[in-house]
>>> print(open('query_13.txt').read())   # compact mmCIF, C-alpha atoms and all ligand atoms
# COMPACT_ATOMS: atom_id res chain seq x y z
CA MET A 2 19.86 7.23 3.77
CA PRO A 3 21.99 5.54 1.07
CA ASN A 4 23.09 7.53 -1.99
CA ARG A 5 23.90 6.26 -5.51
CA ASP A 6 27.48 5.37 -4.58
CA ASP A 7 26.26 3.36 -1.60
CA CYS A 8 24.06 1.36 -3.99
CA LEU A 9 27.06 0.66 -6.22
CA GLN A 10 28.93 -0.52 -3.11
CA LEU A 11 26.05 -2.82 -2.18
CA ASP A 12 26.26 -4.36 -5.66
CA ALA A 13 30.03 -4.73 -5.38
CA HIS A 14 29.61 -6.78 -2.19
CA ASP A 15 26.54 -8.74 -3.32
CA PRO A 16 27.28 -12.50 -3.45
CA LEU A 17 24.46 -12.97 -6.00
CA ALA A 18 25.78 -10.28 -8.37
CA PRO A 19 27.57 -12.75 -10.71
CA LEU A 20 24.25 -14.48 -11.47
CA ARG A 21 22.99 -11.46 -13.41
CA ALA A 22 25.30 -12.50 -16.25
CA ALA A 23 23.16 -15.62 -16.69
CA PHE A 24 20.35 -13.38 -18.02
CA GLU A 25 19.82 -11.35 -21.16
CA LEU A 26 18.70 -7.85 -20.14
CA PRO A 27 18.68 -4.75 -22.36
CA PRO A 28 21.28 -2.33 -20.96
CA SER A 29 18.93 0.67 -21.06
CA VAL A 30 16.18 -1.06 -19.06
CA VAL A 31 15.55 -1.39 -15.32
CA TYR A 32 13.43 -4.51 -15.20
CA LEU A 33 11.09 -4.70 -12.21
CA ASP A 34 8.44 -7.01 -13.64
CA GLY A 35 9.93 -10.44 -13.01
CA ASN A 36 6.85 -11.14 -10.88
CA SER A 37 4.85 -11.21 -14.14
CA LEU A 38 7.37 -12.42 -16.74
CA GLY A 39 10.90 -13.32 -15.69
CA ALA A 40 13.89 -12.27 -17.80
CA ARG A 41 15.38 -14.65 -20.34
CA PRO A 42 18.22 -16.89 -19.19
CA ARG A 43 21.01 -16.55 -21.77
CA ALA A 44 21.11 -20.34 -22.13
CA ALA A 45 17.49 -20.39 -23.37
CA ALA A 46 18.30 -19.28 -26.94
CA ALA A 47 20.78 -22.12 -27.52
CA ARG A 48 18.50 -24.61 -25.80
CA ALA A 49 15.55 -23.59 -28.02
CA ALA A 50 17.75 -23.95 -31.10
CA GLN A 51 18.89 -27.39 -29.93
CA VAL A 52 15.32 -28.60 -29.37
CA VAL A 53 14.10 -27.24 -32.70
CA GLN A 54 17.08 -28.04 -34.91
CA GLN A 55 18.56 -31.24 -33.52
CA GLU A 56 15.92 -32.88 -31.34
CA TRP A 57 12.95 -32.08 -33.54
CA GLY A 58 14.67 -31.52 -36.91
CA GLU A 59 17.00 -34.51 -36.85
CA GLY A 60 15.73 -36.73 -34.05
CA LEU A 61 12.09 -36.43 -35.16
CA ILE A 62 9.76 -38.85 -33.35
CA ARG A 63 12.75 -40.67 -31.84
CA SER A 64 13.37 -37.72 -29.54
CA TRP A 65 10.45 -38.67 -27.29
CA ASN A 66 12.85 -41.37 -26.07
CA SER A 67 16.35 -40.34 -27.13
CA ALA A 68 16.08 -36.68 -26.03
CA GLY A 69 14.03 -37.50 -22.93
CA TRP A 70 10.95 -35.54 -24.03
CA PHE A 71 8.50 -37.98 -22.49
CA ALA A 72 10.19 -37.78 -19.09
CA LEU A 73 10.51 -33.96 -19.06
CA PRO A 74 7.53 -33.11 -16.79
CA ARG A 75 8.84 -35.42 -14.06
CA ARG A 76 12.51 -34.55 -14.55
CA LEU A 77 11.80 -30.81 -14.34
CA GLY A 78 9.54 -31.44 -11.35
CA ASP A 79 12.38 -33.16 -9.50
CA ARG A 80 14.69 -30.27 -10.32
CA LEU A 81 12.18 -27.70 -9.09
CA ALA A 82 11.26 -29.65 -5.93
CA PRO A 83 14.07 -28.36 -3.64
CA LEU A 84 12.95 -24.75 -4.25
CA ILE A 85 9.53 -25.44 -2.74
CA GLY A 86 10.39 -27.88 0.04
CA ALA A 87 9.22 -30.92 -1.91
CA GLY A 88 10.77 -34.32 -2.49
CA ALA A 89 11.62 -36.28 -5.63
CA GLY A 90 8.60 -37.76 -7.43
CA GLU A 91 6.20 -35.23 -5.86
CA VAL A 92 6.22 -32.46 -8.49
CA LEU A 93 5.26 -32.24 -12.17
CA VAL A 94 5.95 -29.40 -14.58
CA THR A 95 2.91 -29.45 -16.82
CA ASP A 96 -0.12 -27.58 -18.17
CA THR A 97 -1.03 -24.11 -16.88
CA THR A 98 -1.55 -22.91 -13.32
CA SER A 99 -5.27 -22.59 -14.04
CA VAL A 100 -5.53 -26.16 -15.37
CA ASN A 101 -3.46 -27.53 -12.49
CA LEU A 102 -5.75 -25.76 -10.04
CA PHE A 103 -8.73 -27.40 -11.71
CA LYS A 104 -7.14 -30.83 -11.43
CA LEU A 105 -6.04 -30.49 -7.80
CA LEU A 106 -9.09 -28.69 -6.50
CA GLY A 107 -11.30 -31.24 -8.25
CA ALA A 108 -9.28 -34.06 -6.69
CA LEU A 109 -9.40 -32.56 -3.18
CA LEU A 110 -13.14 -31.88 -3.37
CA ARG A 111 -13.72 -35.47 -4.41
CA LEU A 112 -11.60 -36.77 -1.53
CA GLN A 113 -13.50 -34.61 0.95
CA HIS A 114 -16.82 -35.72 -0.54
CA GLU A 115 -15.88 -39.32 0.20
CA ARG A 116 -14.80 -38.51 3.77
CA ASP A 117 -17.70 -36.20 4.66
CA ALA A 118 -20.18 -35.19 1.95
CA ARG A 119 -21.36 -32.20 4.02
CA ARG A 120 -18.06 -30.44 3.40
CA ARG A 121 -18.78 -28.50 0.22
CA VAL A 122 -17.26 -25.05 0.79
CA ILE A 123 -14.05 -23.70 -0.73
CA VAL A 124 -12.62 -20.82 1.32
CA SER A 125 -10.50 -18.21 -0.41
CA GLU A 126 -9.83 -14.47 -0.53
CA ARG A 127 -11.83 -12.05 -2.68
CA GLY A 128 -8.51 -10.47 -3.64
CA ASN A 129 -7.02 -13.76 -4.84
CA PHE A 130 -5.86 -13.81 -8.46
CA PRO A 131 -9.06 -14.01 -10.56
CA THR A 132 -8.23 -17.29 -12.32
CA ASP A 133 -8.09 -19.12 -8.97
CA LEU A 134 -11.59 -17.94 -8.14
CA HIS A 135 -12.92 -18.52 -11.64
CA ILE A 136 -11.64 -22.10 -11.69
CA ALA A 137 -13.29 -22.79 -8.32
CA GLN A 138 -16.55 -21.24 -9.51
CA GLY A 139 -16.51 -23.32 -12.70
CA LEU A 140 -15.80 -26.55 -10.81
CA ALA A 141 -18.53 -25.87 -8.27
CA ARG A 142 -21.03 -25.26 -11.08
CA MET A 143 -19.97 -28.37 -12.95
CA LEU A 144 -20.13 -30.71 -9.94
CA ARG A 145 -23.78 -29.90 -9.16
CA GLN A 146 -23.36 -31.15 -5.60
CA GLY A 147 -23.94 -27.85 -3.84
CA HIS A 148 -20.29 -26.73 -3.70
CA GLU A 149 -19.72 -23.03 -3.14
CA LEU A 150 -16.96 -20.49 -2.80
CA ARG A 151 -16.75 -18.54 0.49
CA LEU A 152 -14.63 -15.41 0.09
CA VAL A 153 -13.11 -13.32 2.85
CA ASP A 154 -12.04 -9.70 2.42
CA ARG A 155 -9.22 -9.71 4.98
CA ALA A 156 -6.68 -12.38 5.91
CA GLU A 157 -7.76 -11.99 9.57
CA ASP A 158 -11.19 -13.29 8.59
CA ILE A 159 -9.91 -16.67 7.36
CA PRO A 160 -10.16 -18.47 10.74
CA ALA A 161 -13.83 -17.51 11.16
CA ALA A 162 -14.60 -18.74 7.63
CA LEU A 163 -13.25 -22.23 8.37
CA GLY A 164 -16.48 -23.79 9.61
CA ASP A 165 -17.31 -27.51 9.70
CA ASP A 166 -18.75 -27.25 6.16
CA VAL A 167 -15.38 -26.39 4.58
CA ALA A 168 -13.71 -28.84 2.23
CA VAL A 169 -10.70 -26.86 1.01
CA LEU A 170 -8.81 -23.72 2.01
CA MET A 171 -7.42 -22.42 -1.29
CA LEU A 172 -4.98 -19.52 -0.97
CA THR A 173 -2.23 -17.78 -2.91
CA GLN A 174 0.80 -17.53 -0.63
CA VAL A 175 1.88 -14.07 -1.87
CA ASP A 176 -0.87 -11.69 -2.97
CA TYR A 177 -0.40 -10.61 -6.60
CA ARG A 178 -1.54 -7.06 -5.87
CA THR A 179 -0.11 -6.18 -2.47
CA GLY A 180 2.77 -8.64 -2.18
CA ALA A 181 1.46 -9.68 1.27
CA LEU A 182 2.80 -13.07 2.40
CA HIS A 183 0.67 -15.61 4.26
CA ASP A 184 2.01 -17.86 7.02
CA MET A 185 1.56 -21.12 5.15
CA ALA A 186 2.35 -23.40 8.08
CA ALA A 187 -0.03 -21.65 10.50
CA LEU A 188 -2.94 -21.48 8.03
CA THR A 189 -2.47 -25.08 6.93
CA ARG A 190 -2.45 -26.20 10.58
CA LEU A 191 -5.63 -24.25 11.22
CA ALA A 192 -7.31 -25.71 8.12
CA HIS A 193 -6.41 -29.23 9.26
CA GLU A 194 -7.67 -28.58 12.81
CA ARG A 195 -11.00 -27.59 11.25
CA GLY A 196 -11.10 -30.69 9.01
CA ALA A 197 -10.28 -28.86 5.75
CA LEU A 198 -7.49 -29.50 3.24
CA ALA A 199 -5.02 -26.79 2.19
CA LEU A 200 -4.29 -26.00 -1.47
CA TRP A 201 -1.66 -23.32 -2.13
CA ASP A 202 -0.92 -21.22 -5.23
CA LEU A 203 2.80 -20.43 -5.26
CA ALA A 204 2.74 -18.24 -8.40
CA HIS A 205 4.41 -15.33 -6.58
CA SER A 206 6.51 -17.31 -4.12
CA ALA A 207 8.29 -20.11 -6.02
CA GLY A 208 11.78 -18.80 -6.73
CA ALA A 209 11.00 -15.58 -4.85
CA LEU A 210 11.44 -16.83 -1.28
CA PRO A 211 12.06 -20.11 0.57
CA VAL A 212 8.93 -22.27 0.45
CA ASP A 213 8.55 -25.38 2.61
CA LEU A 214 5.51 -27.35 1.48
CA ARG A 215 6.44 -30.50 3.39
CA GLY A 216 7.40 -28.52 6.50
CA ALA A 217 4.06 -26.69 6.38
CA ASP A 218 2.26 -30.02 5.97
CA ALA A 219 0.31 -28.62 2.99
CA ASP A 220 -1.90 -30.96 0.96
CA ALA A 221 -1.31 -29.74 -2.59
CA ALA A 222 0.12 -26.79 -4.48
CA VAL A 223 0.41 -25.21 -7.92
CA GLY A 224 2.54 -22.40 -9.34
CA CYS A 225 3.97 -20.63 -12.37
CA THR A 226 7.41 -21.07 -13.91
CA TYR A 227 7.30 -17.92 -16.04
CA LYS A 228 7.65 -15.46 -13.17
CA TYR A 229 10.49 -15.78 -10.63
CA LEU A 230 11.60 -19.11 -12.15
CA ASN A 231 12.29 -17.45 -15.51
CA GLY A 232 10.87 -20.25 -17.66
CA GLY A 233 9.65 -18.03 -20.54
CA PRO A 234 6.30 -16.60 -21.69
CA GLY A 235 3.53 -19.16 -21.22
CA ALA A 236 6.00 -21.70 -19.82
CA PRO A 237 4.28 -24.74 -18.27
CA ALA A 238 3.21 -24.49 -14.64
CA PHE A 239 3.90 -26.98 -11.84
CA LEU A 240 1.88 -28.98 -9.35
CA TRP A 241 2.79 -30.72 -6.10
CA ILE A 242 0.95 -33.35 -4.09
CA ALA A 243 1.82 -34.26 -0.48
CA PRO A 244 3.33 -37.75 -0.12
CA ARG A 245 0.29 -38.89 1.90
CA TRP A 246 -2.03 -38.16 -1.03
CA GLN A 247 0.14 -39.63 -3.78
CA GLY A 248 -1.73 -42.52 -5.32
CA VAL A 249 -4.88 -41.46 -3.45
CA LEU A 250 -6.00 -38.29 -5.25
CA GLU A 251 -7.74 -38.79 -8.58
CA THR A 252 -7.48 -36.25 -11.37
CA PRO A 253 -10.70 -35.09 -13.02
CA LEU A 254 -8.75 -34.70 -16.29
CA SER A 255 -7.90 -38.36 -16.85
CA GLY A 256 -5.92 -38.23 -20.08
CA TRP A 257 -3.64 -40.80 -21.63
CA TRP A 258 -0.38 -39.27 -20.35
CA GLY A 259 -1.63 -40.00 -16.82
CA HIS A 260 -2.36 -43.64 -17.61
CA ALA A 261 -0.28 -46.33 -15.89
CA GLU A 262 0.92 -47.54 -19.32
CA PRO A 263 0.16 -44.92 -21.99
CA PHE A 264 1.46 -47.09 -24.80
CA ALA A 265 -0.57 -50.12 -23.78
CA MET A 266 -3.34 -48.17 -25.53
CA GLU A 267 -6.04 -49.58 -23.27
CA PRO A 268 -9.58 -48.27 -23.72
CA GLN A 269 -10.05 -48.27 -19.93
CA TYR A 270 -8.33 -45.51 -17.92
CA ARG A 271 -5.97 -46.89 -15.30
CA PRO A 272 -4.08 -44.17 -13.40
CA ASP A 273 -0.33 -44.11 -12.94
CA ALA A 274 0.56 -45.16 -9.39
CA GLY A 275 2.35 -41.90 -8.58
CA ILE A 276 2.41 -38.21 -9.49
CA GLY A 277 2.27 -39.14 -13.20
CA ARG A 278 -1.50 -39.59 -13.00
CA PHE A 279 -1.79 -35.79 -12.89
CA LEU A 280 -0.44 -35.49 -16.41
CA CYS A 281 -3.16 -35.17 -19.00
CA GLY A 282 -2.05 -34.95 -22.63
CA THR A 283 0.94 -34.14 -24.83
CA GLN A 284 3.17 -31.36 -23.50
CA GLY A 285 4.56 -28.35 -25.37
CA ILE A 286 8.14 -29.60 -25.47
CA VAL A 287 9.86 -26.44 -26.71
CA SER A 288 8.38 -24.49 -23.81
CA GLN A 289 9.03 -27.32 -21.32
CA ALA A 290 12.67 -27.54 -22.30
CA LEU A 291 13.30 -23.87 -21.61
CA VAL A 292 12.11 -24.19 -18.01
CA GLU A 293 15.31 -26.08 -17.31
CA CYS A 294 17.44 -23.03 -18.21
CA GLY A 295 15.72 -21.00 -15.48
CA LEU A 296 16.02 -23.77 -12.88
CA GLU A 297 19.75 -24.25 -13.57
CA VAL A 298 20.51 -20.73 -12.33
CA PHE A 299 19.01 -21.53 -8.89
CA GLU A 300 21.46 -24.39 -8.50
CA ARG A 301 24.24 -21.79 -8.23
CA THR A 302 22.74 -20.23 -5.08
CA ASP A 303 20.24 -21.06 -2.33
CA MET A 304 16.88 -19.65 -1.38
CA ALA A 305 18.13 -18.19 1.93
CA ALA A 306 20.58 -15.99 -0.02
CA VAL A 307 17.81 -15.06 -2.49
CA ARG A 308 15.51 -14.07 0.38
CA HIS A 309 18.21 -12.05 2.12
CA LYS A 310 18.80 -9.97 -1.02
CA SER A 311 15.09 -9.72 -1.83
CA LEU A 312 14.36 -8.12 1.54
CA ALA A 313 17.34 -5.78 1.21
CA LEU A 314 16.14 -4.66 -2.24
CA THR A 315 12.53 -4.13 -1.20
CA ASP A 316 13.55 -2.38 2.07
CA LEU A 317 15.77 -0.02 0.08
CA PHE A 318 13.04 0.67 -2.49
CA ILE A 319 10.46 1.50 0.18
CA ALA A 320 12.88 3.78 2.05
CA LEU A 321 14.04 5.64 -1.09
CA VAL A 322 10.53 6.16 -2.47
CA GLU A 323 9.39 7.52 0.88
CA GLN A 324 12.38 9.83 1.09
CA ARG A 325 12.58 11.04 -2.51
CA CYS A 326 8.94 10.92 -3.66
CA GLY A 327 7.35 11.70 -0.28
CA ALA A 328 5.58 14.84 -1.56
CA HIS A 329 3.37 12.79 -3.91
CA PRO A 330 0.18 10.86 -3.13
CA LEU A 331 1.75 7.39 -3.06
CA THR A 332 0.32 4.90 -0.56
CA LEU A 333 2.34 1.81 0.29
CA ILE A 334 0.04 -1.25 0.19
CA THR A 335 2.80 -3.83 0.76
CA PRO A 336 3.44 -4.92 4.35
CA ARG A 337 6.57 -3.45 5.95
CA GLN A 338 7.19 -6.47 8.19
CA HIS A 339 9.62 -8.90 6.56
CA GLU A 340 7.64 -11.97 7.58
CA ARG A 341 4.58 -10.55 5.81
CA ARG A 342 6.26 -9.44 2.56
CA GLY A 343 6.94 -11.33 -0.68
CA SER A 344 9.40 -10.01 -3.27
CA GLN A 345 7.39 -7.11 -4.68
CA VAL A 346 6.44 -3.62 -3.57
CA SER A 347 3.17 -1.95 -4.59
CA TRP A 348 2.10 1.65 -4.28
CA GLN A 349 -1.32 3.09 -4.93
CA HIS A 350 -1.54 6.43 -6.77
CA PRO A 351 -4.69 8.18 -8.04
CA GLN A 352 -3.16 8.22 -11.55
CA GLY A 353 -1.38 4.89 -11.21
CA TYR A 354 -1.89 3.75 -14.80
CA ALA A 355 -0.45 6.87 -16.42
CA VAL A 356 2.41 7.05 -13.90
CA MET A 357 3.43 3.49 -14.78
CA GLN A 358 3.29 4.21 -18.52
CA ALA A 359 5.50 7.27 -18.06
CA LEU A 360 7.93 5.21 -16.00
CA ILE A 361 8.05 2.53 -18.70
CA GLY A 362 8.68 5.37 -21.17
CA ARG A 363 11.84 6.08 -19.17
CA GLY A 364 12.91 2.42 -19.35
CA VAL A 365 11.81 1.42 -15.85
CA ILE A 366 9.48 -1.53 -16.36
CA GLY A 367 7.00 -2.42 -13.66
CA ASP A 368 3.30 -3.00 -14.22
CA TYR A 369 -0.14 -1.78 -13.28
CA ARG A 370 -3.03 -3.49 -11.55
CA GLU A 371 -6.44 -2.16 -10.66
CA PRO A 372 -7.22 -0.13 -8.61
CA GLY A 373 -4.46 2.43 -9.16
CA ILE A 374 -1.63 0.07 -8.23
CA LEU A 375 1.96 0.49 -9.36
CA ARG A 376 3.60 -2.91 -8.99
CA PHE A 377 7.35 -3.49 -8.78
CA GLY A 378 8.81 -6.99 -8.65
CA PHE A 379 12.35 -7.65 -7.41
CA THR A 380 14.19 -10.69 -8.73
CA PRO A 381 17.37 -11.09 -6.67
CA LEU A 382 19.06 -13.20 -9.35
CA TYR A 383 19.34 -10.20 -11.65
CA THR A 384 18.04 -7.03 -9.95
CA ARG A 385 20.83 -4.76 -8.69
CA PHE A 386 20.79 -2.20 -5.90
CA ILE A 387 21.69 0.43 -8.49
CA ASP A 388 18.50 -0.53 -10.36
CA VAL A 389 16.55 0.36 -7.24
CA TRP A 390 18.22 3.75 -7.08
CA ASP A 391 17.67 4.46 -10.79
CA ALA A 392 14.03 3.33 -10.63
CA VAL A 393 13.29 5.68 -7.74
CA GLU A 394 15.00 8.58 -9.54
CA ALA A 395 12.88 7.90 -12.63
CA LEU A 396 9.73 7.78 -10.51
CA ARG A 397 10.70 11.07 -8.90
CA ALA A 398 11.22 12.66 -12.34
CA VAL A 399 7.87 11.35 -13.59
CA LEU A 400 6.05 12.72 -10.55
CA ASP A 401 7.95 16.00 -10.01
CA GLY A 402 7.78 16.83 -13.73
CA GLU A 403 4.15 15.63 -14.05
CA GLU A 404 5.25 13.62 -17.08
CA TRP A 405 2.39 11.22 -16.56
CA LYS A 406 -0.06 13.93 -17.68
CA GLN A 407 1.02 13.52 -21.31
CA GLU A 408 -1.70 12.25 -23.64
CA ARG A 409 0.27 9.18 -24.76
CA PHE A 410 0.45 7.82 -21.21
CA GLN A 411 -3.35 7.76 -20.85
CA VAL A 412 -3.91 5.19 -23.63
CA ARG A 413 -5.00 1.82 -22.20
CA THR A 414 -3.35 -1.30 -23.61
CA ALA A 415 -4.82 -4.83 -23.48
CA VAL A 416 -2.16 -6.09 -21.05
CA THR A 417 -1.29 -3.66 -18.29
C1 LIG B 1 -1.74 -16.19 -8.29
C2 LIG B 1 -1.80 -16.51 -9.76
N1 LIG B 1 -2.34 -17.67 -10.16
C3 LIG B 1 -2.40 -17.98 -11.47
C4 LIG B 1 -1.91 -17.12 -12.43
C5 LIG B 1 -1.98 -17.43 -13.89
O1 LIG B 1 -2.42 -18.64 -14.26
P1 LIG B 1 -2.20 -19.11 -15.75
O2 LIG B 1 -0.74 -19.33 -15.95
O3 LIG B 1 -3.01 -20.33 -15.85
O4 LIG B 1 -2.66 -18.02 -16.67
C6 LIG B 1 -1.32 -15.92 -12.05
C7 LIG B 1 -0.78 -14.96 -13.03
O5 LIG B 1 -1.06 -14.91 -14.20
C8 LIG B 1 -1.28 -15.61 -10.68
O6 LIG B 1 -0.74 -14.46 -10.29
N1 LIG B 2 0.06 -14.63 -17.02
C1 LIG B 2 0.08 -13.41 -17.60
C2 LIG B 2 -0.35 -13.23 -18.93
O1 LIG B 2 -0.83 -14.33 -19.58
C3 LIG B 2 -0.30 -11.99 -19.53
C4 LIG B 2 0.19 -10.91 -18.82
C5 LIG B 2 0.56 -11.04 -17.50
C6 LIG B 2 0.47 -12.28 -16.89
C7 LIG B 2 0.76 -12.45 -15.48
O2 LIG B 2 1.45 -13.37 -15.15
C8 LIG B 2 0.12 -11.55 -14.54
C9 LIG B 2 0.41 -11.93 -13.13
N2 LIG B 2 -0.02 -13.26 -12.75
C10 LIG B 2 -0.16 -10.99 -12.11
O3 LIG B 2 0.19 -11.17 -10.96
O4 LIG B 2 -0.90 -10.08 -12.42
>>> encode(input="query_13.txt", output="structure tokens")
Amino acid sequence: MPNRDDCLQLDAHDPLAPLRAAFELPPSVVYLDGNSLGARPRAAAARAAQVVQQEWGEGLIRSWNSAGWFALPRRLGDRLAPLIGAGAGEVLVTDTTSVNLFKLLGALLRLQHERDARRRVIVSERGNFPTDLHIAQGLARMLRQGHELRLVDRAEDIPAALGDDVAVLMLTQVDYRTGALHDMAALTRLAHERGALALWDLAHSAGALPVDLRGADADAAVGCTYKYLNGGPGAPAFLWIAPRWQGVLETPLSGWWGHAEPFAMEPQYRPDAGIGRFLCGTQGIVSQALVECGLEVFERTDMAAVRHKSLALTDLFIALVEQRCGAHPLTLITPRQHERRGSQVSWQHPQGYAVMQALIGRGVIGDYREPGILRFGFTPLYTRFIDVWDAVEALRAVLDGEEWKQERFQVRTAVT
């Protein structure tokens, strides 16, 4: 079993180690929550100042053209595309993940309705991130055509749920609670064999592991930029549409930014021929601009190297927790098999909330999800092997010393 010096050696030989300098991280903190909010790229502060002072302050309205503001959602989409196995002109950075889900699910349901109106079921997992399910529920209610959500409790039950009434299989590739990774290609193939379309949420996979949307033959996808892509709090999300559906799918949010000629100011909506039709209205440019700082860092490595380190970090974390905290009631809920694991590790503990607060009190930042889940995200661009060691030592101290029993660690905050 590795010791602290071994971890330092692993860092010394890590080809990704130099990338940590691209991020601002407090020296006293071990940050293991990049699966919720990624760390700040150092370049983001200067970029924000440039947008606010020069582009907005001096350029004023001219900056929509001269600073490329109007083109940002497409330009960022093209820059993000290689990370998710997409091509140029197939991705937009825009709106939120929830809103993009609404647009794409609405578009896919409409397409299926035209092909076979009996297909009115959306299949997903009960454990999917709540917003995905809420958006589907809201759409189904709004459409008033008898659409419904069919939820399975276990991934093994997905095939049986894909009956001939299914319109869309809507899944999140990496589960936000357990970190379990779906086989996107196999499930998409199965959906297609059954006549359904496949819509993927990449919130916990984009920037965390190699994603191949085209290779998997997926139909559409959404994802966040504020997690592993380090775009900043509330940074705009992204959406992808398969080449075969470009110019075919219609957005239910037909706003002027998606018009073929926004500045023709026509009263009649006429969609852009390509991905642009999935824009809706004016974008938050300060937030958009910062996404670029996160994407730039990925251009200094490749996703195979990121995945290699991610698995090494999560393997080490699992092994050390089992060895050094083995006397405590911690249950691993993340799959051990590499092909089934994203870039996070989750443990269930009867006092999970208080344990996480005590850990944060020691400067080791993960987060907590119901029921009783301690969640640790590993971002290979900036997480070191020594961070893994120090996090496990802090967890051991919290558990051995029963620090979590302190009153202050029982207080529930709004965001956990
Ligand atoms: C799988 C998944 N989808 C969507 C979201 C969030 O969507 P939004 O950015 O619209 O709040 C999250 C996390 O917040 C998530 O984990
Ligand atoms: N989107 C978040 C937010 O608005 C506030 C706090 C956390 C988040 C998150 O991203 C949570 C995250 N999607 C999760 O997996 O739980």
>>> closest_atom_pairs(input="query_13.txt", of="chain A", to="ligand LIG 1 (chain B)", cutoff="7 Å", atoms="all atoms listed in the file", output="JSON lines")
{"residue": "A:Ser37", "atom": "CA", "partner": "B:LIG1", "partner_atom": "C7", "distance": 6.9}
{"residue": "A:Thr97", "atom": "CA", "partner": "B:LIG1", "partner_atom": "O3", "distance": 4.4}
{"residue": "A:Thr98", "atom": "CA", "partner": "B:LIG1", "partner_atom": "O3", "distance": 3.9}
{"residue": "A:Ser99", "atom": "CA", "partner": "B:LIG1", "partner_atom": "O3", "distance": 3.7}
{"residue": "A:Val100", "atom": "CA", "partner": "B:LIG1", "partner_atom": "O3", "distance": 6.4}
{"residue": "A:Asn129", "atom": "CA", "partner": "B:LIG1", "partner_atom": "C1", "distance": 6.8}
{"residue": "A:Phe130", "atom": "CA", "partner": "B:LIG1", "partner_atom": "C1", "distance": 4.8}
{"residue": "A:Thr132", "atom": "CA", "partner": "B:LIG1", "partner_atom": "C3", "distance": 5.9}
{"residue": "A:Asp133", "atom": "CA", "partner": "B:LIG1", "partner_atom": "N1", "distance": 6.0}
{"residue": "A:Thr173", "atom": "CA", "partner": "B:LIG1", "partner_atom": "C1", "distance": 5.6}
{"residue": "A:Tyr177", "atom": "CA", "partner": "B:LIG1", "partner_atom": "O6", "distance": 5.3}
{"residue": "A:Asp202", "atom": "CA", "partner": "B:LIG1", "partner_atom": "C1", "distance": 5.9}
{"residue": "A:Leu203", "atom": "CA", "partner": "B:LIG1", "partner_atom": "C1", "distance": 6.9}
{"residue": "A:Ala204", "atom": "CA", "partner": "B:LIG1", "partner_atom": "C1", "distance": 4.9}
{"residue": "A:His205", "atom": "CA", "partner": "B:LIG1", "partner_atom": "O6", "distance": 6.4}
{"residue": "A:Gly224", "atom": "CA", "partner": "B:LIG1", "partner_atom": "N1", "distance": 6.8}
{"residue": "A:Cys225", "atom": "CA", "partner": "B:LIG1", "partner_atom": "O2", "distance": 6.1}
{"residue": "A:Gly235", "atom": "CA", "partner": "B:LIG1", "partner_atom": "O2", "distance": 6.8}
{"residue": "A:Ala238", "atom": "CA", "partner": "B:LIG1", "partner_atom": "O2", "distance": 6.6}
>>> write_last_selection(input="query_13.txt", atoms="C-alpha atoms", output="PDB file, keeping the file's coordinate frame")
ATOM      1  CA  SER A  37       4.850 -11.210 -14.140  1.00  0.00           C
ATOM      2  CA  THR A  97      -1.030 -24.110 -16.880  1.00  0.00           C
ATOM      3  CA  THR A  98      -1.550 -22.910 -13.320  1.00  0.00           C
ATOM      4  CA  SER A  99      -5.270 -22.590 -14.040  1.00  0.00           C
ATOM      5  CA  VAL A 100      -5.530 -26.160 -15.370  1.00  0.00           C
ATOM      6  CA  ASN A 129      -7.020 -13.760  -4.840  1.00  0.00           C
ATOM      7  CA  PHE A 130      -5.860 -13.810  -8.460  1.00  0.00           C
ATOM      8  CA  THR A 132      -8.230 -17.290 -12.320  1.00  0.00           C
ATOM      9  CA  ASP A 133      -8.090 -19.120  -8.970  1.00  0.00           C
ATOM     10  CA  THR A 173      -2.230 -17.780  -2.910  1.00  0.00           C
ATOM     11  CA  TYR A 177      -0.400 -10.610  -6.600  1.00  0.00           C
ATOM     12  CA  ASP A 202      -0.920 -21.220  -5.230  1.00  0.00           C
ATOM     13  CA  LEU A 203       2.800 -20.430  -5.260  1.00  0.00           C
ATOM     14  CA  ALA A 204       2.740 -18.240  -8.400  1.00  0.00           C
ATOM     15  CA  HIS A 205       4.410 -15.330  -6.580  1.00  0.00           C
ATOM     16  CA  GLY A 224       2.540 -22.400  -9.340  1.00  0.00           C
ATOM     17  CA  CYS A 225       3.970 -20.630 -12.370  1.00  0.00           C
ATOM     18  CA  GLY A 235       3.530 -19.160 -21.220  1.00  0.00           C
ATOM     19  CA  ALA A 238       3.210 -24.490 -14.640  1.00  0.00           C
TER      20      ALA A 238
END
>>> closest_residue(input="query_13.txt", among="A:Glu340, A:Asp176, A:Asp166, A:Glu293", to="ligand LIG 2 (chain B)", atoms="all atoms listed in the file")
A:Asp176
>>> residues_around(input="query_13.txt", residues="stretch 113-119 of chain A", least_positions_apart="3", cutoff="7 Å", atoms="all atoms listed in the file", output="JSON, numbers by chain")
{"A": [109, 110, 166, 168]}
>>> residues_around(input="query_13.txt", residues="A:Asp184", least_positions_apart="6", cutoff="10 Å", atoms="all atoms listed in the file", output="VMD selection string")
chain A and resid 174 to 175 217 340 to 341
>>> residues_around(input="query_13.txt", residues="stretch 84-87 of chain A", least_positions_apart="5", cutoff="10 Å", atoms="all atoms listed in the file", output="MDAnalysis selection string")
chainID A and resid 78:79 92 203 206:217 222 230 241:244 296 299:300 303:304
>>> atom_distance(input="query_13.txt", atom1="atom CA of A:Leu33", atom2="atom CA of A:Gly367")
4.9 Å
>>> atom_distance(input="query_13.txt", atom1="atom CA of A:Thr380", atom2="atom CA of A:Ala359")
22.0 Å
